[in-house]
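The next block holds one structure in the form of structure tokens; read it before the comments.
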Amino acid sequence: MKLSKMLVGTLRETPAEAEIISHQLMLRAGMMRKMASGIYNFMPFGLRVIKKIEDIVREEMDNAGAQEFLASAVLPSELWKESGRWEVFGPEMFKLKDRNEREFCLGPTHEEVFTDIARNEIKSYKQLPLNLYQIQTKYRDERRPRFGVMRSREFVMKDAYSFDKDNEGLDISYNKMYEAYHNIFKRCGLNCKCVEADSGAMGGSGSAEFMVQSEVGEDEIAFCTHCEYAANIEKAPSTAEISEKEELATIEKISTPDAKTIEDLVKFFKTNSKKFAKTLIYLSDGKVIAVMVRGDREVNEVKVVNAIGGAVDFEMADAETVKAATNAEIGFAGPVGIKADLLLVDEEVANMYNFIIGANDTGYHYINANYKRDFEGKVGDFRKAVEGDKCPKCENSITVARGIEVGHIFKLGTKYSESMGATFLDEKGEAKPLIMGCYGIGINRTMATVIEQNHDENGIIWPLAIAPYQVIVVPAVMKDEEQVKIAEEIHDKLHKMGLEVLLDDRDERAGVKFKDADLIGIPMRVTVGKKIKEGNVEFKLRSSSENEVVSVEQVYEKIKEEFAKNNMRL
Ligand code: ATP
Ligand code: MG
């Protein structure tokens with residue numbers, strides 16, 4: 001392809017709205033353009049990368065025995081009402097009505113649709129196991145679309161749904177997807193960790209996320225450097241620090257007029273935050289839930305939701321609810337006399353001695369509070385694990401880091417097949433609910449994540465397997481007829497060999513062309529310059545600073561070597 005005839009779209013300036021490197025580079029390299037908040041148009045180079053990732057996904061899914069399918073993106077509300085998710089999904093769902101006032105949504109995910117297909121098409125155990133997948137556009141009206149296609153409102157997802165007759169079958173289907181996901185991310189050039197994820201209180205017997213370690217990730221992962229343990233922080237158990245035993249002292253109400261935060265209180269009492277237990281108040285489907293953790297800890301809301309058996313709406317309580325529950329302004333909540341439907345006490349708090357709590361009275365705290373003597377609640381692990389907590393597998397310390405979730409595999413069990421009546425006839429002719437799994441990969445998010453892991457100050461460094469083009473041939477001086485002619489010959493020969501090759505025949509200085517090639521991230525560059533007089537050209541890998549002088553004939557060998565190194569056939 002001749003660059004002079006193509007829409008290139010590289011930008012010199014970094015667009016102000018792009019906060020993270022992948023977003024900046026996708027705009028600067030002309031991969032995409034923004035149309036509205038969280039909505040992007042893919043430009044030719046960007047689209048080629050998307051297609052390549054899709055092809056890798058397709059190949060690995062097919063190899064794992066899954067079958068491609070394509071459902072509609074416009075979904076009738078009735079299906080969602082059957083599963084009970086029409087309301088649950090909330091404002092994240094793009095809803096619409098047709099001319100007859102019939103309700104639809106733009107599919108944010110497709111469990112209902114595939115369960116519906118299964119109940120219509122699967123009659124007998126003889127048709128099982130079955131795994132159907134699609135690569136399709138999803139719509140989610142995210143509360144905070146950000147970081148370009150990392151979290152957009154329209155994105156391409158590969159979603160797969162497996163159907164089995166029993167749990168052993170589900171385990172096999174799930175493990176096949178686990179393997180396929182490893183292969184997919186490896187082939188895309190991503191260094192990825194598979195972490196245990198929370199499967200929620202509502203069912204599902206296992207779930208794992210594929211995470212790429214990155215400062216810009218919105219998730220946190222806890223992992224052990226001594227064993228293979230890795231989990232989403234939401235799921236990671238935390239270790240209770242054992243407080244030193246003390247004689248129980250008398251509880252006493254103290255006036256703390258302006259001390260509302262733990263920081264204020266630490267100053268006021270001239271002690272440290274470990275001597276406090278804070279009480280946080282949540283609203284969960286209309287119920288008031290109070291949660292106590294040590295002053296320096298954070299509540300893990302997922303653990304709390306699981307402890308109460310799941311919740312549709314779960315959020316920090318508003319000022320009014322807090323006032324009603326505590327009879328006090330925000331900042332003075334405590335467990336003694338609180339009007340809550342449930343009090344959850346972190347196990348660490350239950351094992352502390354003579355600590356400070358809010359008194360449910362504006363301007364007051366209690367000192368020398370003790371669990372059981374002064375208040376009681378449901379004790380459990382309700383706090384967020386932190387760096388240095390014990391690994392639940394080998395007892396060494398865990399490390400905590402940020403991560404980007406690129407994929408998710410989930411054992412659904414019978415959650416949807418039961419609510420939607422998707423059954424099959426087993427060997428004895430009895431109707432049983434299908435055992436399901438679901439498996440997702442964000443295609444555009446994968447693309448952005450690859451850039452986060454593969455770039456330098458000059459631009460993107462695409463792994464060969466997903467680069468928009470594999471080689472770029474650059475004639476250094478367009479006025480030099482010999483350079484142009486030989487560059488064209490090399491380009492044509494590479495094209496005939498089956499390579500995806502660009503010829504930068506634009507009437508620009510060599511420096512400008514190199515800058516663009518680097519920004520776009522083409523893995524291999526062949527420059528035809530002055531040395532062509534001796535029959536030589538320059539060969540450069542985008543990932544290396546070395547510029548090798550080789551003969552024209554050697555170029556083809558060099559390129560073949562690169563393909564072999566990347567386990568790719570030419
Ligand atoms: P997140 O916690 O990041 O919102 P999720 O749990 O909602 O993700 P799933 O419903 O499991 O995501 O979707 C499967 C995959 O789709 C995710 O692993 C991710 O790669 C991708 N994905 C989800 N939401 C978005 C989005 N708004 N933009 C781009 N990709 C997304
Ligand atoms: Mg989400």
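By order in the structure tokens, chains are A, B, ...; within a chain, residues start at 1; ligands start at 1, following the order shown.
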Around ligand 1, out to 6 Å and counting only C-alpha atoms and all ligand atoms, which residues are there? I want them as a VMD selection string.
chain A and resid 149 to 153 155 157 405 to 408 440 to 442 445
Kindly export the residues of the current selection with N, CA and C atoms, as a PDB file, in the first residue's frame.
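New file again-v5.pdb:
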```
ATOM      1  N   VAL A 149     -10.700   3.905  24.782  1.00  0.00           N
ATOM      2  CA  VAL A 149     -11.457   2.652  24.653  1.00  0.00           C
ATOM      3  C   VAL A 149     -11.230   1.704  25.831  1.00  0.00           C
ATOM      4  N   MET A 150     -10.450   2.123  26.819  1.00  0.00           N
ATOM      5  CA  MET A 150     -10.320   1.298  28.032  1.00  0.00           C
ATOM      6  C   MET A 150     -11.677   1.131  28.705  1.00  0.00           C
ATOM      7  N   ARG A 151     -12.380   2.243  28.811  1.00  0.00           N
ATOM      8  CA  ARG A 151     -13.747   2.202  29.352  1.00  0.00           C
ATOM      9  C   ARG A 151     -14.612   3.102  28.500  1.00  0.00           C
ATOM     10  N   SER A 152     -15.178   2.514  27.449  1.00  0.00           N
ATOM     11  CA  SER A 152     -15.984   3.310  26.536  1.00  0.00           C
ATOM     12  C   SER A 152     -17.429   2.870  26.666  1.00  0.00           C
ATOM     13  N   ARG A 153     -18.304   3.560  25.971  1.00  0.00           N
ATOM     14  CA  ARG A 153     -19.731   3.240  26.090  1.00  0.00           C
ATOM     15  C   ARG A 153     -20.179   2.301  24.974  1.00  0.00           C
ATOM     16  N   PHE A 155     -18.271  -0.788  22.743  1.00  0.00           N
ATOM     17  CA  PHE A 155     -17.009  -1.521  22.593  1.00  0.00           C
ATOM     18  C   PHE A 155     -17.263  -2.915  22.045  1.00  0.00           C
ATOM     19  N   MET A 157     -16.807  -6.832  22.166  1.00  0.00           N
ATOM     20  CA  MET A 157     -16.508  -7.893  23.124  1.00  0.00           C
ATOM     21  C   MET A 157     -16.620  -9.241  22.431  1.00  0.00           C
ATOM     22  N   GLU A 405      -8.389  -5.201  33.719  1.00  0.00           N
ATOM     23  CA  GLU A 405      -9.073  -6.466  33.420  1.00  0.00           C
ATOM     24  C   GLU A 405      -9.334  -6.557  31.917  1.00  0.00           C
ATOM     25  N   VAL A 406      -8.684  -7.529  31.266  1.00  0.00           N
ATOM     26  CA  VAL A 406      -8.919  -7.678  29.827  1.00  0.00           C
ATOM     27  C   VAL A 406      -9.890  -8.811  29.523  1.00  0.00           C
ATOM     28  N   GLY A 407     -10.005  -9.756  30.447  1.00  0.00           N
ATOM     29  CA  GLY A 407     -10.919 -10.868  30.204  1.00  0.00           C
ATOM     30  C   GLY A 407     -11.465 -11.417  31.501  1.00  0.00           C
ATOM     31  N   HIS A 408     -12.570 -12.159  31.385  1.00  0.00           N
ATOM     32  CA  HIS A 408     -13.257 -12.668  32.576  1.00  0.00           C
ATOM     33  C   HIS A 408     -13.894 -14.006  32.229  1.00  0.00           C
ATOM     34  N   GLY A 440     -15.771 -13.602  28.725  1.00  0.00           N
ATOM     35  CA  GLY A 440     -15.695 -12.362  27.936  1.00  0.00           C
ATOM     36  C   GLY A 440     -14.283 -11.838  27.749  1.00  0.00           C
ATOM     37  N   ILE A 441     -14.060 -11.224  26.605  1.00  0.00           N
ATOM     38  CA  ILE A 441     -12.796 -10.515  26.363  1.00  0.00           C
ATOM     39  C   ILE A 441     -13.142  -9.165  25.738  1.00  0.00           C
ATOM     40  N   GLY A 442     -12.565  -8.103  26.267  1.00  0.00           N
ATOM     41  CA  GLY A 442     -12.759  -6.785  25.668  1.00  0.00           C
ATOM     42  C   GLY A 442     -11.726  -6.608  24.566  1.00  0.00           C
ATOM     43  N   ARG A 445     -10.338  -2.931  24.571  1.00  0.00           N
ATOM     44  CA  ARG A 445      -9.541  -2.720  25.779  1.00  0.00           C
ATOM     45  C   ARG A 445      -8.226  -3.489  25.678  1.00  0.00           C
TER      46      ARG A 445
END
```
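Where the distance criterion is 9 Å and the atoms used are only C-alpha atoms and all ligand atoms, the residues close to ligand 2 are Glu92, Arg140, Glu142 and Arg151 of chain A.
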8 Å contact set for region 322-332 of chain A, only C-alpha atoms, chain neighbours under 2 positions out, as a ChimeraX atom specification
/A:259-261,281,288,317-320,334,337-340,358-365
Which residue gives the smallest distance to Lys51 (chain A) among A:Leu499, A:Ala465, A:Glu561, A:Pro475, with only C-alpha atoms counted?
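Between A:Leu499, A:Ala465, A:Glu561, A:Pro475, the residue approaching Lys51 (chain A) most closely is A:Ala465.
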Can you tell me which residues surround region 22-35 of chain A at a distance of at most 6 Å, considering only C-alpha atoms, apart from same-chain residues fewer than 4 positions away, and format the answer as number ranges by chain?
A: 9-11, 18, 39-43, 45-46, 147-148, 448, 451-452, 519-520
Restrict the selected residues to C-alpha atoms and save them as an mmCIF file, in the first residue's frame.
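Listing of out-v3.cif after writing:
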```cif
data_model
loop_
_atom_site.group_PDB
_atom_site.id
_atom_site.type_symbol
_atom_site.label_atom_id
_atom_site.label_comp_id
_atom_site.auth_asym_id
_atom_site.auth_seq_id
_atom_site.Cartn_x
_atom_site.Cartn_y
_atom_site.Cartn_z
ATOM 1 C CA GLY A 9 -4.075 10.877 10.409
ATOM 2 C CA THR A 10 -1.019 11.118 12.653
ATOM 3 C CA LEU A 11 -0.946 14.120 14.980
ATOM 4 C CA ALA A 18 -6.182 12.030 26.748
ATOM 5 C CA ILE A 39 -17.833 6.804 21.677
ATOM 6 C CA TYR A 40 -15.079 6.454 19.076
ATOM 7 C CA ASN A 41 -14.676 5.970 15.341
ATOM 8 C CA PHE A 42 -11.945 3.572 14.298
ATOM 9 C CA MET A 43 -9.650 4.785 11.542
ATOM 10 C CA PHE A 45 -4.895 1.570 11.030
ATOM 11 C CA GLY A 46 -6.834 1.087 14.251
ATOM 12 C CA PHE A 147 -9.196 6.507 29.124
ATOM 13 C CA GLY A 148 -10.426 6.195 25.547
ATOM 14 C CA ALA A 448 -5.274 -0.220 24.433
ATOM 15 C CA ILE A 451 -0.112 -0.135 23.897
ATOM 16 C CA GLU A 452 0.244 0.490 27.643
ATOM 17 C CA LEU A 519 4.448 6.677 16.082
ATOM 18 C CA ILE A 520 2.223 4.190 14.245
#
```
Residues near Thr279 (chain A), anyone? I mean within 7 Å using only C-alpha atoms, not counting same-chain ones fewer than 6 positions away, as a PyMOL selection string.
chain A and resi 290-293+333-335
Kindly export the residues of the current selection with N, CA, C and O atoms, as a CSV table (one decimal), in the first residue's frame.
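The resulting result_24.csv:
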```csv
chain,number,residue,atom,x,y,z
A,290,ALA,N,-24.6,-1.1,59.0
A,290,ALA,CA,-23.4,-0.4,59.6
A,290,ALA,C,-22.2,-1.4,59.6
A,290,ALA,O,-22.4,-2.6,59.9
A,291,VAL,N,-21.1,-0.9,59.2
A,291,VAL,CA,-19.9,-1.8,59.1
A,291,VAL,C,-18.7,-1.1,59.9
A,291,VAL,O,-18.4,0.1,59.7
A,292,MET,N,-18.1,-1.9,60.8
A,292,MET,CA,-17.0,-1.4,61.6
A,292,MET,C,-15.7,-2.0,61.1
A,292,MET,O,-15.5,-3.2,61.0
A,293,VAL,N,-14.7,-1.1,60.9
A,293,VAL,CA,-13.3,-1.6,60.6
A,293,VAL,C,-12.4,-0.7,61.5
A,293,VAL,O,-12.8,0.4,61.9
A,333,ALA,N,-20.6,8.5,64.2
A,333,ALA,CA,-21.3,7.2,64.2
A,333,ALA,C,-20.6,6.2,65.0
A,333,ALA,O,-19.3,6.2,65.0
A,334,GLY,N,-21.3,5.4,65.7
A,334,GLY,CA,-20.6,4.3,66.5
A,334,GLY,C,-21.6,3.2,66.7
A,334,GLY,O,-22.8,3.3,66.3
A,335,PRO,N,-21.2,2.1,67.2
A,335,PRO,CA,-22.0,0.9,67.3
A,335,PRO,C,-23.0,0.9,68.5
A,335,PRO,O,-24.0,0.2,68.4
```
Which of region 188-429 of chain A fall in helix (DSSP H, G or I), as a PyMOL selection string:
chain A and resi 262-269+273-275+301-307+319-326+347-350+415-419
Hey, which of A:Asn300, A:Thr527, A:Ser162, A:Asn100 ends up closest to Ser238 (chain A)? Count only C-alpha atoms.
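Of A:Asn300, A:Thr527, A:Ser162, A:Asn100, the one nearest Ser238 (chain A), counting only C-alpha atoms, is A:Asn300.
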How close does region 429-514 of chain A get to region 419-423 of chain A? List, as JSON lines, each residue of region 429-514 of chain A within 12 Å, its nearest atom pair and the distance in Å to one decimal, counting only C-alpha atoms.
```
{"residue": "A:Gly429", "atom": "CA", "partner": "A:Thr423", "partner_atom": "CA", "distance": 11.4}
{"residue": "A:Glu430", "atom": "CA", "partner": "A:Thr423", "partner_atom": "CA", "distance": 9.4}
{"residue": "A:Ala431", "atom": "CA", "partner": "A:Thr423", "partner_atom": "CA", "distance": 5.8}
{"residue": "A:Lys432", "atom": "CA", "partner": "A:Thr423", "partner_atom": "CA", "distance": 5.1}
{"residue": "A:Pro433", "atom": "CA", "partner": "A:Thr423", "partner_atom": "CA", "distance": 4.2}
{"residue": "A:Leu434", "atom": "CA", "partner": "A:Thr423", "partner_atom": "CA", "distance": 5.4}
{"residue": "A:Ile435", "atom": "CA", "partner": "A:Thr423", "partner_atom": "CA", "distance": 9.2}
{"residue": "A:Met436", "atom": "CA", "partner": "A:Ala422", "partner_atom": "CA", "distance": 10.2}
```
Residues of the last selection are to be written out with all heavy atoms, as a short mmCIF file (atom, residue, chain, number, x, y, z; two decimals), in the first residue's frame.
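Now in out_11.cif:
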```
data_model
loop_
_atom_site.label_atom_id
_atom_site.label_comp_id
_atom_site.auth_asym_id
_atom_site.auth_seq_id
_atom_site.Cartn_x
_atom_site.Cartn_y
_atom_site.Cartn_z
N GLY A 429 -34.29 -39.24 30.66
CA GLY A 429 -35.46 -38.57 30.12
C GLY A 429 -36.03 -37.52 31.05
O GLY A 429 -37.15 -37.05 30.87
N GLU A 430 -35.25 -37.16 32.09
CA GLU A 430 -35.73 -36.13 33.02
C GLU A 430 -35.24 -34.75 32.58
O GLU A 430 -34.12 -34.62 32.11
CB GLU A 430 -35.16 -36.39 34.42
CG GLU A 430 -35.93 -37.45 35.19
CD GLU A 430 -35.21 -37.81 36.48
OE1 GLU A 430 -34.65 -36.91 37.12
OE2 GLU A 430 -35.21 -39.01 36.81
N ALA A 431 -36.10 -33.74 32.78
CA ALA A 431 -35.71 -32.37 32.42
C ALA A 431 -34.80 -31.78 33.50
O ALA A 431 -35.15 -31.79 34.68
CB ALA A 431 -36.95 -31.51 32.24
N LYS A 432 -33.64 -31.28 33.07
CA LYS A 432 -32.68 -30.70 34.03
C LYS A 432 -32.26 -29.32 33.50
O LYS A 432 -32.18 -29.11 32.28
CB LYS A 432 -31.41 -31.57 34.09
CG LYS A 432 -31.61 -32.93 34.70
CD LYS A 432 -31.26 -32.89 36.18
CE LYS A 432 -31.72 -34.09 36.95
NZ LYS A 432 -31.02 -35.31 36.54
N PRO A 433 -31.95 -28.38 34.42
CA PRO A 433 -31.47 -27.08 33.92
C PRO A 433 -30.06 -27.19 33.34
O PRO A 433 -29.23 -27.95 33.86
CB PRO A 433 -31.46 -26.20 35.18
CG PRO A 433 -31.41 -27.15 36.33
CD PRO A 433 -32.06 -28.43 35.89
N LEU A 434 -29.82 -26.45 32.29
CA LEU A 434 -28.48 -26.44 31.68
C LEU A 434 -27.49 -25.80 32.64
O LEU A 434 -27.82 -24.84 33.33
CB LEU A 434 -28.52 -25.64 30.38
CG LEU A 434 -29.24 -26.32 29.23
CD1 LEU A 434 -29.70 -25.29 28.20
CD2 LEU A 434 -28.33 -27.37 28.58
N ILE A 435 -26.28 -26.34 32.68
CA ILE A 435 -25.23 -25.77 33.53
C ILE A 435 -24.39 -24.86 32.63
O ILE A 435 -23.82 -25.32 31.64
CB ILE A 435 -24.33 -26.87 34.12
CG1 ILE A 435 -25.16 -28.03 34.69
CG2 ILE A 435 -23.37 -26.29 35.14
CD1 ILE A 435 -25.76 -27.79 36.02
N MET A 436 -24.33 -23.59 33.01
CA MET A 436 -23.72 -22.61 32.10
C MET A 436 -22.43 -21.98 32.61
O MET A 436 -22.18 -21.91 33.79
CB MET A 436 -24.73 -21.48 31.82
CG MET A 436 -25.91 -21.90 30.97
SD MET A 436 -27.15 -20.58 30.82
CE MET A 436 -26.19 -19.27 30.08
#
```
Which residue gives the smallest distance to Lys384 (chain A) among A:Leu283, A:Ala467, A:Lys235, A:Glu60, with only C-alpha atoms counted?
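That would be A:Lys235, the residue with the smallest distance to Lys384 (chain A).
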Between CA of Val349 (chain A) and CA of Ala401 (chain A), measure the distance and give it in Å to one decimal.
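The value is 25.9 Å.
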